[in-house]
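Raw entry.cif, mmCIF, C-alpha atoms:
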data_protein
#
loop_
_atom_site.label_atom_id
_atom_site.label_comp_id
_atom_site.auth_asym_id
_atom_site.auth_seq_id
_atom_site.Cartn_x
_atom_site.Cartn_y
_atom_site.Cartn_z
CA VAL A 1 29.93 73.85 24.09
CA ASN A 2 27.46 76.33 22.65
CA ARG A 3 26.11 79.36 24.46
CA ASP A 4 23.74 82.05 23.27
CA ILE A 5 23.86 85.68 24.31
CA ALA A 6 21.50 88.52 23.47
CA ILE A 7 22.48 92.16 23.84
CA LEU A 8 20.92 95.57 23.35
CA VAL A 9 23.09 98.05 21.46
CA ASN A 10 22.78 101.34 19.64
CA SER A 11 21.45 100.85 16.11
CA SER A 12 24.66 102.27 14.65
CA ILE A 13 26.80 99.42 16.02
CA SER A 14 27.57 96.77 13.42
CA ASN A 15 27.82 93.00 13.62
CA PHE A 16 31.52 93.37 12.76
CA ASP A 17 32.09 95.66 15.77
CA ILE A 18 30.36 93.25 18.12
CA THR A 19 32.13 90.15 16.79
CA LYS A 20 35.49 91.92 17.00
CA THR A 21 34.78 92.97 20.58
CA ILE A 22 33.78 89.42 21.54
CA PHE A 23 37.01 87.94 20.14
CA GLU A 24 39.19 90.64 21.78
CA VAL A 25 38.83 89.18 25.27
CA SER A 26 38.17 85.56 24.45
CA SER A 27 40.69 82.83 24.91
CA ASN A 28 41.54 80.33 22.21
CA LEU A 29 38.57 78.28 23.46
CA LEU A 30 36.15 80.45 21.48
CA LYS A 31 35.99 78.98 17.99
CA GLU A 32 32.98 80.58 16.35
CA VAL A 33 30.55 83.49 16.75
CA LYS A 34 27.32 83.52 14.72
CA LEU A 35 24.69 86.22 14.63
CA PHE A 36 21.29 84.53 14.56
CA ASP A 37 18.80 87.30 15.31
CA ILE A 38 18.38 91.05 15.01
CA TYR A 39 15.30 92.65 16.50
CA GLU A 40 14.35 96.31 16.32
CA ASP A 41 11.22 97.72 17.90
CA GLU A 42 10.32 101.06 19.41
CA ASN A 43 9.56 99.23 22.68
CA LEU A 44 13.32 98.62 23.03
CA GLY A 45 13.98 102.34 22.87
CA GLN A 46 14.90 104.83 20.20
CA ASP A 47 17.93 103.77 18.12
CA ILE A 48 18.25 100.49 20.05
CA LYS A 49 18.37 96.98 18.59
CA SER A 50 18.67 93.54 20.06
CA MET A 51 21.28 91.20 18.58
CA ALA A 52 21.56 87.54 19.50
CA TYR A 53 24.67 85.44 19.01
CA SER A 54 25.58 81.80 19.27
CA LEU A 55 29.11 81.26 20.62
CA GLN A 56 30.92 77.95 20.19
CA PHE A 57 33.65 77.02 22.66
CA GLN A 58 35.91 74.04 22.13
CA SER A 59 39.21 72.62 23.24
CA ASN A 60 41.17 70.26 21.02
CA ASP A 61 42.57 68.27 23.91
CA ARG A 62 39.95 68.15 26.67
CA THR A 63 36.33 68.54 27.62
CA LEU A 64 35.44 72.05 28.77
CA THR A 65 33.84 72.63 32.14
CA THR A 66 30.80 74.80 32.73
CA LYS A 67 32.92 77.02 34.96
CA GLU A 68 35.43 77.68 32.15
CA VAL A 69 32.72 78.64 29.69
CA ASP A 70 30.91 80.77 32.28
CA LYS A 71 34.15 82.69 32.88
CA GLU A 72 34.52 83.32 29.14
CA ILE A 73 30.92 84.55 28.85
CA THR A 74 31.39 86.91 31.81
CA LEU A 75 34.51 88.43 30.24
CA ILE A 76 32.76 88.80 26.89
CA ILE A 77 29.69 90.52 28.38
CA LYS A 78 31.83 92.90 30.46
CA ASN A 79 33.88 93.85 27.39
CA LEU A 80 30.73 94.47 25.33
CA GLN A 81 29.35 96.65 28.13
CA THR A 82 32.57 98.63 28.45
CA LYS A 83 33.45 99.09 24.78
CA LEU A 84 30.03 99.26 23.12
CA LYS A 85 27.76 100.21 26.04
CA ALA A 86 25.83 97.02 25.38
CA GLN A 87 23.26 95.67 27.81
CA GLN A 88 22.71 91.98 28.29
CA ARG A 89 19.17 91.05 27.44
#

Mind converting the file's structure to structure tokens?
Amino acid sequence: VNRDIAILVNSSISNFDITKTIFEVSSNLLKEVKLFDIYEDENLGQDIKSMAYSLQFQSNDRTLTTKEVDKEITLIIKNLQTKLKAQQR
């Protein structure tokens, strides 16, 4: 199951920091995190950038439910908000 998320963060925050923060709260269902877009524009705010990620969830022994993946995404977004002051876009 693939899900995309886009977040607004301070320009000083790196892809490494975001990826690390995503994996910190994720279960073993999260297999891969790929950055696919970075957007910076003064309309976003000073020193703010948008970063978009594709997250791949998979279980080796069963089909994942939407509810399971939604729960993972909620935990990931909350952790990004708490640790990096990210805003979901």

Checklist entry - For this file, the PyMOL selection byres ((chain A and resi 78) around 12) selects which residues, as a list in words? => result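 When the PyMOL selection byres ((chain A and resi 78) around 12) is applied, the selected residues are Ile7, Thr21, Ile22, Glu24, Val25, Ser26, Lys71, Glu72, Ile73, Thr74, Leu75, Ile76, Ile77, Asn79, Leu80, Gln81, Thr82, Lys83, Leu84, Lys85, Ala86, Gln87 and Gln88 of chain A.
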
Checklist entry - So how many Å separate CA of Met51 in chain A and CA of Asp37 in chain A, to one decimal? => result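 Atom-to-atom, CA of Met51 in chain A and CA of Asp37 in chain A are spaced 5.7 Å apart.
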
Checklist entry - Which value, in Å to one decimal, gives the distance between CA of Val9 in chain A and CA of Thr65 in chain A? => result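 Straight-line distance from CA of Val9 in chain A to CA of Thr65 in chain A works out to 29.6 Å.
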
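Compared by their closest atoms to Ser54 in chain A, and using all atoms listed in the file, the residues A:Leu29, A:Leu8, A:Phe23, A:Phe36 rank with A:Phe36 nearest.
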
Do you know which residues are at most 9 Å from range 1-4 of chain A counting all atoms listed in the file, after dropping those on the same chain fewer than 3 positions away, and could you put them as an mmCIF file with C-alpha atoms, keeping the file's coordinate frame?
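This is the output file result-v3.cif:
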data_model
loop_
_atom_site.group_PDB
_atom_site.id
_atom_site.type_symbol
_atom_site.label_atom_id
_atom_site.label_comp_id
_atom_site.auth_asym_id
_atom_site.auth_seq_id
_atom_site.Cartn_x
_atom_site.Cartn_y
_atom_site.Cartn_z
ATOM 1 C CA ALA A 52 21.560 87.540 19.500
ATOM 2 C CA TYR A 53 24.670 85.440 19.010
ATOM 3 C CA SER A 54 25.580 81.800 19.270
ATOM 4 C CA LEU A 55 29.110 81.260 20.620
ATOM 5 C CA GLN A 56 30.920 77.950 20.190
ATOM 6 C CA PHE A 57 33.650 77.020 22.660
ATOM 7 C CA GLN A 58 35.910 74.040 22.130
ATOM 8 C CA LEU A 64 35.440 72.050 28.770
ATOM 9 C CA THR A 66 30.800 74.800 32.730
ATOM 10 C CA VAL A 69 32.720 78.640 29.690
ATOM 11 C CA ILE A 73 30.920 84.550 28.850
#

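Separating CA of Ser11 in chain A from CA of Gln46 in chain A is a distance of 8.7 Å.
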
Item to check | Residue with smallest distance to Ile18 in chain A - pool A:Ala6, A:Arg89, A:Asp70, A:Leu44, counting only C-alpha atoms | outcome: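 Between A:Ala6, A:Arg89, A:Asp70, A:Leu44, the residue approaching Ile18 in chain A most closely is A:Ala6.
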
Taking the point (32.1, 83.5, 15.9) as given in the file, collect each protein or nucleic acid residue that comes within 7 Å of it, counting all atoms listed in the file, and present the set as a PDB file with C-alpha atoms, in the coordinates of the input.
ATOM      1  CA  THR A  19      32.130  90.150  16.790  1.00  0.00           C
ATOM      2  CA  LYS A  31      35.990  78.980  17.990  1.00  0.00           C
ATOM      3  CA  GLU A  32      32.980  80.580  16.350  1.00  0.00           C
ATOM      4  CA  VAL A  33      30.550  83.490  16.750  1.00  0.00           C
ATOM      5  CA  LYS A  34      27.320  83.520  14.720  1.00  0.00           C
ATOM      6  CA  LEU A  55      29.110  81.260  20.620  1.00  0.00           C
TER       7      LEU A  55
END
